[in-house]
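Down below is the structure, laid out as structure tokens.
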Amino acid sequence: DRGRITVNDKMETNVPNIYAIGDCLGKVMLAHVASAQGEVAAENALGETAVYDGKTNPSCVYTDPEFAGVGLTEEKAKELGHWIGTNGHTLIYGGGKIGLMGAVADAVLAEGGPVIGVIPEFLKTPDKVHDRLTKLYTVKTMEDRKRRMIDLGEAFIALPGGPGTLEEISEIMSLRRLKKCTAPCLIYNVSGYYDPLESMCQRMGRQEFIVSDYEEIVLFPRCLDEIRYYLEEEEG
């Protein structure tokens, strides 16, 4: 049933902080934000059952695990994580502990917010995987990771990152263009990092490769206040 999941997939949890989220639309990230309803049961490492009331908004955040995120970019990643953790949202992300990926996860955890990671087996090494997550899904391939994150997320946000980040958020853009996804798609344009991409979207609109108003597909917020505004507007 939507809004109720019994977690029996390959997953790892930390004791005693066990959380799970309600089922979501099959769309990403982090972004994207309708409330998950109902109770969700999950078994912890001791075989005990913990119940979370599901009143959380799963947001999927894409970013680069290798990028150090120096200066303002790292600050904005932490600020986003703080907001997610203090406003009843759940972070869905790639499961890493370094770079901007680690920065946003640590910020959510520091505020007591649930963090769900999704990581492929070949990246699950002690130097890369986060060991304090609420829940960690282990999948076989990068494609499996993308699909799982899309299935879990109700909003999608891309922080500055490299080719992998662009690939992930581009898939959400394509799904929205095809009307196969209604979740918010936000590209966090920190310090103008994504200005060239926004210009490219405008050009695609002018040349009619996408709808003339590209903002029907993707938005480019430049600060946390704009992210909050877009998501709250979506919730109605």
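Ordered as shown in the structure tokens, chains take letters A, B, and onward, while each chain numbers its residues from 1 and ligands are numbered from 1 in the order shown.
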
ask   = Near Val104 in chain A, counting only C-alpha atoms, which residues have an atom at most 7 Å away, once you skip same-chain residues fewer than 2 positions from it, shown as an NGL selection string?
value = :A and (77-78 or 80-81 or 100-102 or 106-108)

key: Of the listed residues A:Val218, A:Gly192, A:Glu121, A:Arg148, that which approaches Gly205 in chain A most closely, counting only C-alpha atoms   =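 Once distances to Gly205 in chain A are computed over only C-alpha atoms, the minimum belongs to A:Val218.
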
remark   = Min atom-atom distance to Glu167 in chain A from the set A:Leu72, A:Leu133, A:Ile210, A:Met142, counting only C-alpha atoms, belongs to A:Met142

Exercise: Val61 in chain A partners within 10 Å, only C-alpha atoms, chain neighbours under 6 positions left out, as a PyMOL selection string = chain A and resi 28-32+77+80-81+91-94+101+104-105+149+153+155-159+165+168-169+186-187

task = Between A:Cys60, A:Leu197, A:Val139, A:Leu178, single out the one closest to Lys124 in chain A, counting only C-alpha atoms.
result =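 Selected residue with least distance to Lys124 in chain A: A:Val139.
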